[in-house]
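Enquirer: File final-v1.cif below, mmCIF, C-alpha atoms and all ligand atoms:
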```
data_run
#
loop_
_atom_site.group_PDB
_atom_site.id
_atom_site.type_symbol
_atom_site.label_atom_id
_atom_site.label_comp_id
_atom_site.auth_asym_id
_atom_site.auth_seq_id
_atom_site.Cartn_x
_atom_site.Cartn_y
_atom_site.Cartn_z
ATOM 1 C CA MET A 181 74.342 35.368 68.989
ATOM 2 C CA ALA A 182 74.924 38.853 70.451
ATOM 3 C CA ASP A 183 73.038 37.804 73.619
ATOM 4 C CA ALA A 184 75.129 34.649 73.897
ATOM 5 C CA GLU A 185 78.368 36.672 73.600
ATOM 6 C CA ALA A 186 77.172 39.198 76.175
ATOM 7 C CA SER A 187 76.293 36.531 78.762
ATOM 8 C CA LYS A 188 79.494 34.559 78.187
ATOM 9 C CA GLY A 189 81.355 36.486 80.855
ATOM 10 C CA LEU A 190 78.822 35.511 83.518
ATOM 11 C CA ASP A 191 79.754 31.806 83.491
ATOM 12 C CA ILE A 192 83.522 31.743 82.977
ATOM 13 C CA LEU A 193 85.981 31.618 85.879
ATOM 14 C CA PRO A 194 87.606 34.870 87.072
ATOM 15 C CA ILE A 195 91.065 35.714 85.698
ATOM 16 C CA SER A 196 93.885 35.053 88.182
ATOM 17 C CA ILE A 197 97.183 36.910 87.940
ATOM 18 C CA ASN A 198 100.268 35.727 89.768
ATOM 19 C CA LEU A 199 102.070 38.976 90.531
ATOM 20 C CA LYS A 200 105.291 37.138 91.375
ATOM 21 C CA LEU A 201 105.646 36.197 87.742
ATOM 22 C CA ILE A 202 105.559 39.775 86.427
ATOM 23 C CA PRO A 203 109.263 40.571 85.866
ATOM 24 C CA ASP A 204 108.988 44.416 85.734
ATOM 25 C CA ALA A 205 107.008 44.831 88.963
ATOM 26 C CA ILE A 206 109.175 46.610 91.534
ATOM 27 C CA MET A 207 106.815 45.951 94.414
ATOM 28 C CA VAL A 208 103.264 44.900 95.099
ATOM 29 C CA PRO A 209 101.486 47.208 97.577
ATOM 30 C CA MET A 210 99.368 45.161 99.951
ATOM 31 C CA TRP A 211 96.531 46.167 102.239
ATOM 32 C CA ASP A 212 96.713 44.697 105.739
ATOM 33 C CA SER A 213 98.139 41.427 104.270
ATOM 34 C CA ILE A 214 94.703 40.785 102.790
ATOM 35 C CA GLY A 215 95.386 41.427 99.154
ATOM 36 C CA PRO A 216 97.156 43.668 96.653
ATOM 37 C CA ILE A 217 96.009 47.250 96.087
ATOM 38 C CA ASP A 218 94.961 46.827 92.482
ATOM 39 C CA LYS A 219 93.744 50.357 91.731
ATOM 40 C CA ASP A 220 94.831 53.980 92.058
ATOM 41 C CA ILE A 221 96.331 54.163 95.548
ATOM 42 C CA ARG A 222 94.769 57.577 96.329
ATOM 43 C CA LYS A 223 91.264 56.330 95.503
ATOM 44 C CA PHE A 224 91.945 53.154 97.470
ATOM 45 C CA CYS A 225 93.012 55.168 100.536
ATOM 46 C CA LYS A 226 90.051 57.552 100.129
ATOM 47 C CA ASN A 227 87.565 54.666 100.350
ATOM 48 C CA ILE A 228 89.201 53.300 103.496
ATOM 49 C CA THR A 229 89.420 56.737 105.136
ATOM 50 C CA GLU A 230 85.783 57.482 104.300
ATOM 51 C CA ALA A 231 84.690 54.143 105.740
ATOM 52 C CA LYS A 232 86.594 54.932 108.951
ATOM 53 C CA ILE A 233 85.110 58.443 109.197
ATOM 54 C CA PHE A 234 81.613 57.085 108.587
ATOM 55 C CA ASP A 235 82.144 54.437 111.245
ATOM 56 C CA SER A 236 83.231 56.990 113.852
ATOM 57 C CA PHE A 237 80.368 59.301 112.780
ATOM 58 C CA THR A 238 77.714 56.629 113.312
ATOM 59 C CA ASN A 239 79.257 55.712 116.666
ATOM 60 C CA ASN A 240 78.876 59.316 117.868
ATOM 61 C CA SER A 241 76.892 59.091 121.101
ATOM 62 C CA LYS A 242 74.841 62.181 120.201
ATOM 63 C CA LEU A 243 73.511 60.459 117.087
ATOM 64 C CA GLN A 244 72.225 57.390 118.870
ATOM 65 C CA THR A 245 68.822 59.117 119.213
ATOM 66 C CA PHE A 246 68.442 58.799 115.439
ATOM 67 C CA PHE A 247 69.272 55.128 115.396
ATOM 68 C CA ALA A 248 66.910 54.409 118.281
ATOM 69 C CA ARG A 249 64.031 55.794 116.194
ATOM 70 C CA HIS A 250 65.154 55.173 112.628
ATOM 71 C CA SER A 251 67.010 52.347 110.925
ATOM 72 C CA LEU A 252 70.208 53.132 109.009
ATOM 73 C CA SER A 253 68.492 52.269 105.715
ATOM 74 C CA GLU A 254 65.937 55.062 106.247
ATOM 75 C CA ILE A 255 68.712 57.624 105.914
ATOM 76 C CA ASN A 256 70.217 58.589 102.579
ATOM 77 C CA TRP A 257 73.857 59.126 103.569
ATOM 78 C CA THR A 258 75.002 60.424 100.181
ATOM 79 C CA PHE A 259 72.456 63.232 100.249
ATOM 80 C CA THR A 260 72.943 63.868 103.967
ATOM 81 C CA LYS A 261 76.640 64.460 103.267
ATOM 82 C CA LEU A 262 75.779 66.708 100.308
ATOM 83 C CA TRP A 263 73.286 68.656 102.413
ATOM 84 C CA LEU A 264 75.716 69.173 105.301
ATOM 85 C CA ALA A 265 78.300 70.564 102.859
ATOM 86 C CA HIS A 266 75.689 72.597 100.928
ATOM 87 C CA ASN A 267 76.140 76.354 101.051
ATOM 88 C CA GLU A 268 72.803 78.174 101.096
ATOM 89 C CA THR A 269 74.408 81.604 101.128
ATOM 90 C CA ASN A 270 76.010 83.503 98.254
ATOM 91 C CA SER A 271 79.423 83.758 99.855
ATOM 92 C CA ILE A 272 82.220 81.260 100.422
ATOM 93 C CA TYR A 273 82.949 82.681 103.844
ATOM 94 C CA SER A 274 80.691 84.946 105.898
ATOM 95 C CA SER A 275 79.274 85.191 109.375
ATOM 96 C CA GLU A 276 75.893 84.222 107.915
ATOM 97 C CA LYS A 277 77.399 80.997 106.498
ATOM 98 C CA SER A 278 79.164 80.224 109.795
ATOM 99 C CA LYS A 279 75.904 80.757 111.654
ATOM 100 C CA LYS A 280 73.984 78.442 109.295
ATOM 101 C CA ASP A 281 76.689 75.749 109.440
ATOM 102 C CA ALA A 282 76.811 75.938 113.222
ATOM 103 C CA PHE A 283 73.024 75.610 113.448
ATOM 104 C CA LYS A 284 73.083 72.620 111.077
ATOM 105 C CA LEU A 285 75.730 70.789 113.108
ATOM 106 C CA LYS A 286 74.136 71.583 116.460
ATOM 107 C CA SER A 287 70.758 70.442 115.234
ATOM 108 C CA LEU A 288 72.241 67.227 113.772
ATOM 109 C CA ASN A 289 74.119 66.456 116.985
ATOM 110 C CA HIS A 290 71.139 67.333 119.220
ATOM 111 C CA ILE A 291 73.053 70.082 121.022
ATOM 112 C CA LEU A 292 70.872 73.120 120.290
ATOM 113 C CA PRO A 293 70.583 75.090 123.537
ATOM 114 C CA CYS A 294 67.325 73.564 124.775
ATOM 115 C CA GLY A 295 66.501 73.144 128.454
ATOM 116 C CA ASP A 296 68.440 69.879 128.912
ATOM 117 C CA VAL A 297 71.620 71.237 127.239
ATOM 118 C CA LEU A 298 71.437 74.575 129.083
ATOM 119 C CA SER A 299 71.024 73.017 132.518
ATOM 120 C CA ALA A 300 73.889 70.582 131.831
ATOM 121 C CA HIS A 301 76.230 73.366 130.677
ATOM 122 C CA TYR A 302 75.348 75.939 133.352
ATOM 123 C CA PRO A 303 74.468 73.999 136.489
ATOM 124 C CA SER A 304 75.050 77.114 138.641
ATOM 125 C CA LEU A 305 72.366 79.087 136.772
ATOM 126 C CA TYR A 306 69.532 76.583 136.918
ATOM 127 C CA ASN A 307 68.269 75.747 140.356
ATOM 128 C CA PRO A 308 67.657 71.987 140.853
ATOM 129 C CA ASP A 309 64.063 72.832 141.946
ATOM 130 C CA ILE A 310 63.165 73.960 138.412
ATOM 131 C CA LEU A 311 64.698 70.914 136.703
ATOM 132 C CA PRO A 312 63.928 69.388 134.284
ATOM 133 C CA ILE A 313 63.131 72.572 132.391
ATOM 134 C CA LYS A 314 59.767 72.389 130.661
ATOM 135 C CA CYS A 315 59.242 73.419 127.042
ATOM 136 C CA PRO A 316 58.614 77.210 127.107
ATOM 137 C CA ILE A 317 55.890 76.909 124.443
ATOM 138 C CA CYS A 318 53.674 73.978 125.462
ATOM 139 C CA LYS A 319 54.884 74.006 129.109
ATOM 140 C CA THR A 320 54.076 70.308 129.550
ATOM 141 C CA THR A 321 56.944 68.270 128.081
ATOM 142 C CA ASP A 322 60.613 68.368 129.141
ATOM 143 C CA ASP A 323 62.517 70.769 126.887
ATOM 144 C CA SER A 324 65.028 68.876 124.759
ATOM 145 C CA ASN A 325 66.309 68.635 121.184
ATOM 146 C CA GLN A 326 64.083 65.602 120.671
ATOM 147 C CA HIS A 327 61.007 67.615 121.625
ATOM 148 C CA LEU A 328 61.561 70.197 118.857
ATOM 149 C CA ASP A 329 59.663 67.995 116.480
ATOM 150 C CA GLN A 330 56.424 66.734 117.930
ATOM 151 C CA SER A 331 55.004 65.095 114.850
ATOM 152 C CA HIS A 332 57.991 62.701 114.350
ATOM 153 C CA LEU A 333 57.158 62.545 110.658
ATOM 154 C CA ILE A 334 59.865 64.964 109.680
ATOM 155 C CA TYR A 335 62.226 64.317 112.569
ATOM 156 C CA LEU A 336 65.151 63.456 110.292
ATOM 157 C CA ILE A 337 64.692 66.511 108.060
ATOM 158 C CA ILE A 338 64.469 68.875 111.018
ATOM 159 C CA HIS A 339 67.714 67.430 112.361
ATOM 160 C CA ASN A 340 69.463 67.914 108.995
ATOM 161 C CA VAL A 341 69.418 64.289 107.867
ATOM 162 C CA VAL A 342 68.023 63.498 104.418
ATOM 163 C CA PRO A 343 65.565 60.559 104.480
ATOM 164 C CA ASP A 344 65.912 57.990 101.740
ATOM 165 C CA HIS A 345 62.144 58.171 101.043
ATOM 166 C CA LEU A 346 62.484 61.805 100.032
ATOM 167 C CA VAL A 347 65.327 61.127 97.601
ATOM 168 C CA THR A 348 63.519 58.121 96.078
ATOM 169 C CA LEU A 349 60.297 60.107 95.691
ATOM 170 C CA ILE A 350 62.035 62.939 93.849
ATOM 171 C CA HIS A 351 64.311 60.668 91.830
ATOM 172 C CA THR A 352 61.428 58.598 90.421
ATOM 173 C CA HIS A 353 60.218 61.805 88.748
ATOM 174 C CA THR A 354 63.517 63.337 87.687
ATOM 175 C CA ARG A 355 65.624 60.248 86.818
ATOM 176 C CA ASN A 356 68.610 62.557 86.911
ATOM 177 C CA PHE A 357 71.079 62.805 89.808
ATOM 178 C CA LYS A 358 71.891 66.494 89.293
ATOM 179 C CA LEU A 359 68.221 67.477 89.158
ATOM 180 C CA THR A 360 67.392 65.327 92.199
ATOM 181 C CA LYS A 361 70.244 66.959 94.103
ATOM 182 C CA SER A 362 69.020 70.442 93.217
ATOM 183 C CA PHE A 363 65.433 69.611 94.322
ATOM 184 C CA VAL A 364 66.564 67.985 97.565
ATOM 185 C CA MET A 365 68.834 70.922 98.452
ATOM 186 C CA ASP A 366 66.033 73.439 97.744
ATOM 187 C CA PHE A 367 63.559 71.399 99.758
ATOM 188 C CA MET A 368 65.939 71.086 102.728
ATOM 189 C CA THR A 369 66.739 74.814 102.588
ATOM 190 C CA HIS A 370 63.047 75.767 102.685
ATOM 191 C CA ILE A 371 62.189 73.359 105.472
ATOM 192 C CA GLN A 372 65.178 74.564 107.511
ATOM 193 C CA GLN A 373 64.209 78.211 107.028
ATOM 194 C CA TYR A 374 60.652 77.415 108.092
ATOM 195 C CA PHE A 375 61.892 75.421 111.094
ATOM 196 C CA TYR A 376 64.279 78.207 112.099
ATOM 197 C CA THR A 377 61.724 81.014 112.038
ATOM 198 C CA SER A 378 58.572 79.172 113.094
ATOM 199 C CA ILE A 379 59.953 76.795 115.701
ATOM 200 C CA TRP A 380 63.463 77.686 116.810
ATOM 201 C CA CYS A 381 63.100 81.498 117.012
ATOM 202 C CA ARG A 382 59.760 81.111 118.781
ATOM 203 C CA HIS A 383 61.340 78.621 121.187
ATOM 204 C CA THR A 384 64.291 80.949 121.909
ATOM 205 C CA GLU A 385 62.056 83.979 122.489
ATOM 206 C CA SER A 386 59.825 82.037 124.888
ATOM 207 C CA MET A 387 62.901 80.636 126.661
ATOM 208 C CA VAL A 388 64.377 84.140 127.126
ATOM 209 C CA ALA A 389 61.011 85.399 128.435
ATOM 210 C CA TRP A 390 60.906 82.504 130.930
ATOM 211 C CA GLU A 391 64.535 83.127 131.984
ATOM 212 C CA LYS A 392 63.772 86.841 132.532
ATOM 213 C CA HIS A 393 60.754 85.907 134.626
ATOM 214 C CA THR A 394 62.765 83.514 136.817
ATOM 215 C CA GLY A 395 65.784 85.853 137.142
ATOM 216 C CA ILE A 396 68.141 83.468 135.311
ATOM 217 C CA HIS A 397 68.628 85.990 132.496
ATOM 218 C CA ALA A 398 70.144 88.604 134.844
ATOM 219 C CA LYS A 399 72.479 85.978 136.363
ATOM 220 C CA LYS A 400 73.532 84.878 132.874
ATOM 221 C CA THR A 401 74.329 88.467 131.786
ATOM 222 C CA LYS A 402 76.415 88.943 134.910
ATOM 223 C CA MET A 403 78.332 85.720 134.250
ATOM 224 C CA ARG A 404 79.000 86.684 130.608
ATOM 225 C CA ARG A 405 80.279 90.119 131.624
ATOM 226 C CA ALA A 406 82.683 88.582 134.153
ATOM 227 C CA LYS A 407 83.917 86.109 131.522
ATOM 228 C CA ARG A 408 84.510 88.920 128.999
ATOM 229 C CA ARG A 409 86.382 90.973 131.600
ATOM 230 C CA ALA A 410 88.643 88.002 132.414
ATOM 231 C CA GLN A 411 89.311 87.428 128.694
ATOM 232 C CA ASN A 412 90.208 91.087 128.136
ATOM 233 C CA LYS A 413 92.549 90.989 131.100
ATOM 234 C CA LYS A 414 94.308 87.948 129.608
ATOM 235 C CA LYS A 415 94.561 89.667 126.201
ATOM 236 C CA PHE A 416 96.341 92.743 127.612
ATOM 237 C CA GLN A 417 98.790 90.583 129.501
ATOM 238 C CA ARG A 418 99.988 88.987 126.252
ATOM 239 C CA LEU A 419 103.203 89.946 124.484
ATOM 240 C CA PRO A 420 103.108 93.101 122.347
ATOM 241 C CA THR A 421 103.158 91.965 118.694
ATOM 242 C CA SER A 422 105.851 94.493 117.713
ATOM 243 C CA ASN A 423 108.436 92.132 119.264
ATOM 244 C CA VAL A 424 107.775 89.563 116.541
ATOM 245 C CA LEU A 425 109.589 90.142 113.254
ATOM 246 C CA PRO A 426 107.001 90.386 110.466
ATOM 247 C CA LEU A 427 107.432 87.791 107.712
ATOM 248 C CA LYS A 428 106.849 90.341 104.963
ATOM 249 C CA ARG A 429 109.716 92.541 106.072
ATOM 250 C CA LEU A 430 112.069 89.605 106.004
ATOM 251 C CA ARG A 431 110.974 88.653 102.510
ATOM 252 C CA ASN A 432 111.307 92.114 100.967
ATOM 253 C CA HIS A 433 114.641 93.052 102.410
ATOM 254 C CA HIS A 434 117.679 90.973 101.699
ATOM 255 C CA LEU A 435 118.613 90.731 105.273
ATOM 256 C CA PRO A 436 121.700 88.867 106.293
ATOM 257 C CA CYS A 437 120.947 85.722 108.236
ATOM 258 C CA ASN A 438 118.547 87.000 110.800
ATOM 259 C CA PHE A 439 118.435 85.473 114.214
ATOM 260 C CA ALA A 440 116.397 86.572 117.173
ATOM 261 C CA LYS A 441 115.006 85.072 120.321
ATOM 262 C CA PHE A 442 111.877 86.314 121.995
ATOM 263 C CA TYR A 443 111.182 86.902 125.612
ATOM 264 C CA ASP A 444 107.893 87.753 127.230
ATOM 265 C CA ALA A 445 107.202 90.785 129.402
ATOM 266 C CA ARG A 446 108.642 89.061 132.489
ATOM 267 C CA GLY A 447 111.895 88.283 130.697
ATOM 268 C CA HIS A 448 111.054 84.573 130.335
ATOM 269 C CA TYR A 449 111.844 82.788 127.113
ATOM 270 C CA ASP A 450 108.540 82.430 125.233
ATOM 271 C CA ASP A 451 108.049 78.870 124.053
ATOM 272 C CA ARG A 452 105.548 79.831 121.348
ATOM 273 C CA LEU A 453 108.060 82.018 119.594
ATOM 274 C CA ARG A 454 110.799 79.466 119.121
ATOM 275 C CA ILE A 455 110.846 80.030 115.359
ATOM 276 C CA ASN A 456 113.906 81.838 114.062
ATOM 277 C CA TYR A 457 113.883 83.146 110.531
ATOM 278 C CA PHE A 458 116.944 82.820 108.346
ATOM 279 C CA GLN A 459 117.338 84.522 104.995
ATOM 280 C CA CYS A 460 120.508 84.174 102.989
ATOM 281 C CA ASP A 461 122.173 87.199 101.467
ATOM 282 C CA ASN A 462 122.924 85.645 98.138
ATOM 283 C CA ASN A 463 120.749 87.226 95.371
ATOM 284 C CA SER A 464 121.200 84.303 93.015
ATOM 285 C CA ASP A 465 119.460 82.136 95.567
ATOM 286 C CA LEU A 466 116.154 84.007 95.401
ATOM 287 C CA HIS A 467 114.278 80.950 94.233
ATOM 288 C CA VAL A 468 115.407 79.045 97.294
ATOM 289 C CA PRO A 469 112.696 79.238 99.922
ATOM 290 C CA ARG A 470 113.480 81.012 103.133
ATOM 291 C CA TRP A 471 114.420 78.518 105.808
ATOM 292 C CA ILE A 472 112.379 78.307 108.927
ATOM 293 C CA ILE A 473 114.341 76.639 111.639
ATOM 294 C CA LEU A 474 112.833 75.359 114.853
ATOM 295 C CA THR A 475 115.384 75.721 117.588
ATOM 296 C CA SER A 476 115.311 73.534 120.623
HETATM 297 ZN ZN ZN B 1 56.617 71.913 123.674
#
```
Let me see whether you can do it: turn the structure in this file into structure tokens.

Expert:
Amino acid sequence: MADAEASKGLDILPISINLKLIPDAIMVPMWDSIGPIDKDIRKFCKNITEAKIFDSFTNNSKLQTFFARHSLSEINWTFTKLWLAHNETNSIYSSEKSKKDAFKLKSLNHILPCGDVLSAHYPSLYNPDILPIKCPICKTTDDSNQHLDQSHLIYLIIHNVVPDHLVTLIHTHTRNFKLTKSFVMDFMTHIQQYFYTSIWCRHTESMVAWEKHTGIHAKKTKMRRAKRRAQNKKKFQRLPTSNVLPLKRLRNHHLPCNFAKFYDARGHYDDRLRINYFQCDNNSDLHVPRWIILTS
């Protein structure tokens, strides 16, 4: 009897609700004239936004290399997302974390500075006679992000994408999402560390040695120095910061309505500093936030 009750719901018709007949309903939110939004509007919007982001992510031209070699079903997107957001370091913000995140994204998007990327970015440094640049380690194949993994078996892992096979293999043993996640993250961290030291660092060292041998390294140093000099020159030409009223000073002192306009060193009105700060004198109005007025 219990089985019969449980399977009852499978055969009956779905429940239809005519929203027009609900007297207290103020409005019925609709999605693209398709149907009513029948759940929490934030969750509803989140699903749509995520679908849109995922769509634009998979259409990224740099990722087409993956899809040429692997079908979408071979990739576990949930774990790939978790891995890309995973912090391997002990700090929330550090240069080490930034470095690791940058490496992850560059490797995923196939833009690590290999021969093909370098010659495309600095055409003046690499003479057309030496193109395409050969891999500095094996010296036979063209140097590219695709060449970093020769075996092809762990291509996805090396490029920071979690294969579905890996997740399934671990999950059949753990049967627990949290545990699977922890194993996958540890596994990815170890593989990435191994890849970084054994392949990428070796590749970079050999590339630098080759660039020194061909004279490209000296040209590159010269170019970087010139760029730095130009940047410094720009920095010194900027407005001295003492001209800008500090926010803190305005907050601590009950200044009468403060109004100032800012001009750059040449006496021209500076467009970036069009914010005038107003603070009212009335002490009883302390809870009222200070107004920031954009003047035209
Ligand atoms: Zn090679």

Enquirer: Kindly provide, as a PyMOL selection string, all nucleotide and amino acid residues lying within 6 Å of ligand ZN 1 (chain B), counting all atoms listed in the file.

Expert: chain A and resi 315+317-318+321

Enquirer: Just C-alpha atoms for this one: save the residues we selected as a short mmCIF file (atom, residue, chain, number, x, y, z; two decimals), in the frame of the given file.

Expert:
```cif
data_model
loop_
_atom_site.label_atom_id
_atom_site.label_comp_id
_atom_site.auth_asym_id
_atom_site.auth_seq_id
_atom_site.Cartn_x
_atom_site.Cartn_y
_atom_site.Cartn_z
CA CYS A 315 59.24 73.42 127.04
CA ILE A 317 55.89 76.91 124.44
CA CYS A 318 53.67 73.98 125.46
CA THR A 321 56.94 68.27 128.08
#
```

Enquirer: How would you write as an NGL selection string the residues that get within 12 Å of (66.0, 66.8, 94.1) in the file's frame, counting only C-alpha atoms?

Expert: :A and (259 or 262-263 or 342 or 344-369)

Enquirer: For the file shown, what are the residues hit by the PyMOL selection byres (((chain A and resi 371) around 12) and not hetatm), laid out as a VMD selection string?

Expert: chain A and resid 334 to 342 364 to 370 372 to 379

Enquirer: For region 264-268 of chain A, I'd like the enclosing box, axis-aligned and padded by 3 Å on every side, reported as JSON with centre and edge lengths in Å to one decimal.

Expert:
```
{"center_x": 75.6, "center_y": 73.7, "center_z": 103.1, "size_x": 11.5, "size_y": 15.0, "size_z": 10.4}
```

Enquirer: Near Pro209 (chain A), counting all atoms listed in the file, which residues have an atom at most 9 Å away, once you skip same-chain residues fewer than 4 positions from it, shown as a PyMOL selection string?

Expert: chain A and resi 215-218+221

Enquirer: CA of Leu292 (chain A) and CA of Asn267 (chain A), how far apart in Å?

Expert: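 Those two atoms sit 20.2 Å apart.
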
Enquirer: Between region 205-303 of chain A and region 386-410 of chain A, at 12 Å or less, what are the per-residue closest atom pairs and their distances in Å? Count only C-alpha atoms, order by chain and rising residue number, and return it as JSON lines.

Expert:
```
{"residue": "A:Pro293", "atom": "CA", "partner": "A:Met387", "partner_atom": "CA", "distance": 10.0}
{"residue": "A:Cys294", "atom": "CA", "partner": "A:Met387", "partner_atom": "CA", "distance": 8.6}
{"residue": "A:Gly295", "atom": "CA", "partner": "A:Met387", "partner_atom": "CA", "distance": 8.5}
{"residue": "A:Leu298", "atom": "CA", "partner": "A:Met387", "partner_atom": "CA", "distance": 10.7}
{"residue": "A:Ser299", "atom": "CA", "partner": "A:Ile396", "partner_atom": "CA", "distance": 11.2}
{"residue": "A:Tyr302", "atom": "CA", "partner": "A:Lys400", "partner_atom": "CA", "distance": 9.1}
{"residue": "A:Pro303", "atom": "CA", "partner": "A:Ile396", "partner_atom": "CA", "distance": 11.4}
```

Enquirer: Given the point (77.5, 77.6, 104.8) in the file's coordinates, find the residues that have an atom at most 7 Å from it, counting all atoms listed in the file, and give them as a compact mmCIF listing (two decimals) with C-alpha atoms, in the frame of the given file.

Expert:
```txt
# COMPACT_ATOMS: atom_id res chain seq x y z
CA HIS A 266 75.69 72.60 100.93
CA ASN A 267 76.14 76.35 101.05
CA GLU A 268 72.80 78.17 101.10
CA THR A 269 74.41 81.60 101.13
CA LYS A 277 77.40 81.00 106.50
CA SER A 278 79.16 80.22 109.80
CA LYS A 280 73.98 78.44 109.30
CA ASP A 281 76.69 75.75 109.44
```

Enquirer: So how far away is CA of His327 (chain A) from CA of Asp296 (chain A), in Å?

Expert: 10.7 Å

Enquirer: Restricting the calculation to only C-alpha atoms: of A:Ala205, A:Cys225, A:Leu264, A:Leu288, which residue gets closest to Phe246 (chain A)?

Expert: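 The shortest atom-to-atom distance to Phe246 (chain A) comes from A:Leu288.
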
Enquirer: Here is a test: counting all atoms listed in the file, which residue of A:Asp323, A:Gln417, A:Phe224, A:Asn289 is nearest to Asn239 (chain A)?

Expert: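 Result for the nearest residue to Asn239 (chain A): A:Asn289.
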
Enquirer: Provide the CA of Leu243 (chain A) to CA of Ala300 (chain A) distance in Å, to one decimal place.

Expert: 17.9 Å
